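Enquirer: There's a structure below that I have some questions on.
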Amino acid sequence: MEDLGSVAWPPEPIRTERLVLRRSEPRDRATFVELLASPEVNAYLGGPRPRDELERELPTAPEQWAGSLVVDLDGSMIGHILLRRATGHRRPAAAGKLDLGYMFLPRAWGFGYAAEACEAALGWLAGVLPREPVVLTTQSANVASMRLAAKLGFDEVERFEAWDAEQWLGMRSPGTPSD
């Protein structure tokens with residue numbers, strides 16, 4: 001995956017009513033381990049990784065690259081957003097476009113944090129790359145993620161089979177407001 005081109009990174013923290021989107025810090029490492037080892041979080045993402053492997057392999061401050069944002073609630077990480085260029089995407093409709101990915105701890109589900117954080121990230125992205133469409137891929141069986149994609153203004157482009165499951169590819173055109 002390419003970075004975000006000429007976009008300066010990291011941005012100043014992005015603030016919403018309840019959240020801060022910021023660069024990862026060493027204090028976030030334990031939460032990254034929790035996210036990546038969680039069976040619930042990774043149910044539609046290929047499954048969890050072994051906790052002991054993550055403890056050995058994750059750097060002190062994980063995910064410090066352009067497009068990676070920690071979602072912080074009251075000083076603690078509750079999720080992760082990744083904005084990246086989908087250069088190696090398997091689907092021609094997505095190749096080269098900006099791609100939105102996200103993961104949140106199960107204890108943060110159901111409070112609207114993912115929608116709030118993703119909308120803030122997409123708003124920031126529209127300010128620095130205003131004419132860029134954004135894609136999102138999720139398993140069609142992931143009802144919560146499908147609902148979030150619709151709320152964020154993503155329209156279905158196609159469904160396809162990959163990783164032994166039906167996948168959904170949506171696109172949000174430049175200037176698309178969410179509900």
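Identifiers for the structure tokens are assigned positionally: chains receive A, B, ... in sequence, residues are indexed from 1 per chain, and ligands are indexed from 1 in the order shown.
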Can you pull out every residue within 12 Å of Glu166 of chain A, counting only C-alpha atoms, but drop anything in the same chain fewer than 6 positions away, and send it as a PyMOL selection string?

Expert: chain A and resi 44+137-142+158-160

Enquirer: Store the residues picked out above, limited to C-alpha atoms, as a compact mmCIF listing (two decimals), in the first residue's frame.

Expert:
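So the final result, stored in again10.txt, reads:
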```txt
# COMPACT_ATOMS: atom_id res chain seq x y z
CA TYR A 44 -14.80 -11.10 9.72
CA THR A 137 -14.57 -3.58 1.87
CA THR A 138 -16.29 -5.78 4.42
CA GLN A 139 -17.86 -9.22 4.55
CA SER A 140 -21.52 -8.93 3.66
CA ALA A 141 -22.26 -11.09 6.73
CA ASN A 142 -20.87 -8.34 8.97
CA GLU A 158 -19.98 -5.02 -6.16
CA ARG A 159 -20.04 -8.23 -4.15
CA PHE A 160 -17.43 -10.88 -4.67
```

Enquirer: Set the distance at 6 Å and use only C-alpha atoms: which residues neighbour segment 98-110 of chain A once local chain neighbours fewer than 6 positions away are removed? I'd like the list as an MDAnalysis selection string.

Expert: chainID A and resid 78:86 134:136

Enquirer: Could you save those same residues with C-alpha atoms as a PDB file, in the first residue's frame?

Expert:
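result-v4.pdb, written as the output of this step:
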```pdb
ATOM      1  CA  ILE A  78     -10.751   2.217  21.886  1.00  0.00           C
ATOM      2  CA  GLY A  79     -10.105   1.656  18.189  1.00  0.00           C
ATOM      3  CA  HIS A  80      -7.994   2.120  15.117  1.00  0.00           C
ATOM      4  CA  ILE A  81      -8.701   3.712  11.729  1.00  0.00           C
ATOM      5  CA  LEU A  82      -6.552   3.175   8.676  1.00  0.00           C
ATOM      6  CA  LEU A  83      -6.694   5.351   5.568  1.00  0.00           C
ATOM      7  CA  ARG A  84      -4.490   3.989   2.804  1.00  0.00           C
ATOM      8  CA  ARG A  85      -4.125   3.839  -0.956  1.00  0.00           C
ATOM      9  CA  ALA A  86      -5.482   0.512  -2.215  1.00  0.00           C
ATOM     10  CA  VAL A 134     -12.908   6.325  -0.857  1.00  0.00           C
ATOM     11  CA  VAL A 135     -13.606   2.591  -0.863  1.00  0.00           C
ATOM     12  CA  LEU A 136     -14.505   0.224   1.951  1.00  0.00           C
TER      13      LEU A 136
END
```

Enquirer: Go through segment 53-120 of chain A and flag each residue having an atom no more than 12 Å from segment 14-30 of chain A; for those, report the closest pair of atoms plus their distance in Å to one decimal, using only C-alpha atoms, ordered by chain and rising number, as CSV.

Expert:
```
residue,atom,partner,partner_atom,distance
A:Leu54,CA,A:Ala30,CA,9.7
A:Glu55,CA,A:Ala30,CA,8.5
A:Arg56,CA,A:Arg29,CA,11.5
A:Glu57,CA,A:Arg29,CA,11.0
A:Leu58,CA,A:Arg29,CA,7.6
A:Pro59,CA,A:Arg29,CA,7.8
A:Thr60,CA,A:Pro26,CA,5.3
A:Ala61,CA,A:Pro26,CA,4.3
A:Pro62,CA,A:Arg29,CA,6.2
A:Glu63,CA,A:Ser24,CA,6.7
A:Gln64,CA,A:Ser24,CA,6.1
A:Trp65,CA,A:Arg23,CA,8.6
A:Ala66,CA,A:Arg23,CA,9.2
A:Gly67,CA,A:Arg23,CA,9.1
A:Ser68,CA,A:Arg23,CA,6.9
A:Leu69,CA,A:Arg22,CA,5.2
A:Val70,CA,A:Arg22,CA,5.3
A:Val71,CA,A:Leu21,CA,4.8
A:Asp72,CA,A:Val20,CA,5.1
A:Leu73,CA,A:Leu19,CA,5.1
A:Asp74,CA,A:Leu19,CA,7.4
A:Gly75,CA,A:Val20,CA,8.5
A:Ser76,CA,A:Asp28,CA,7.8
A:Met77,CA,A:Asp28,CA,6.3
A:Ile78,CA,A:Asp28,CA,9.4
A:Gly79,CA,A:Leu21,CA,9.4
A:His80,CA,A:Leu21,CA,8.7
A:Ile81,CA,A:Leu21,CA,8.5
A:Leu82,CA,A:Leu21,CA,10.9
A:Leu105,CA,A:Ala30,CA,11.9
A:Ala108,CA,A:Leu19,CA,11.8
A:Phe111,CA,A:Arg18,CA,10.8
A:Gly112,CA,A:Arg18,CA,10.2
A:Tyr113,CA,A:Leu19,CA,7.7
A:Ala114,CA,A:Leu19,CA,10.0
A:Ala115,CA,A:Leu19,CA,11.1
A:Glu116,CA,A:Thr16,CA,7.3
A:Ala117,CA,A:Leu19,CA,7.1
A:Cys118,CA,A:Leu21,CA,9.5
A:Glu119,CA,A:Thr16,CA,9.5
A:Ala120,CA,A:Thr16,CA,6.9
```

Enquirer: Hey, which of A:Thr31, A:Ser173, A:Thr87, A:Ser38 ends up closest to Pro130 of chain A? Count only C-alpha atoms.

Expert: A:Ser173

Enquirer: One number please: atom CA of Glu161 of chain A to atom CA of Gly88 of chain A, in Å, one decimal.

Expert: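 Going from atom CA of Glu161 of chain A over to atom CA of Gly88 of chain A, I get 16.8 Å.
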
Enquirer: Please, what distance in Å, to one decimal, runs between atom CA of Pro13 of chain A and atom CA of Ala144 of chain A?

Expert: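 According to the coordinates, atom CA of Pro13 of chain A and atom CA of Ala144 of chain A are separated by 26.5 Å.
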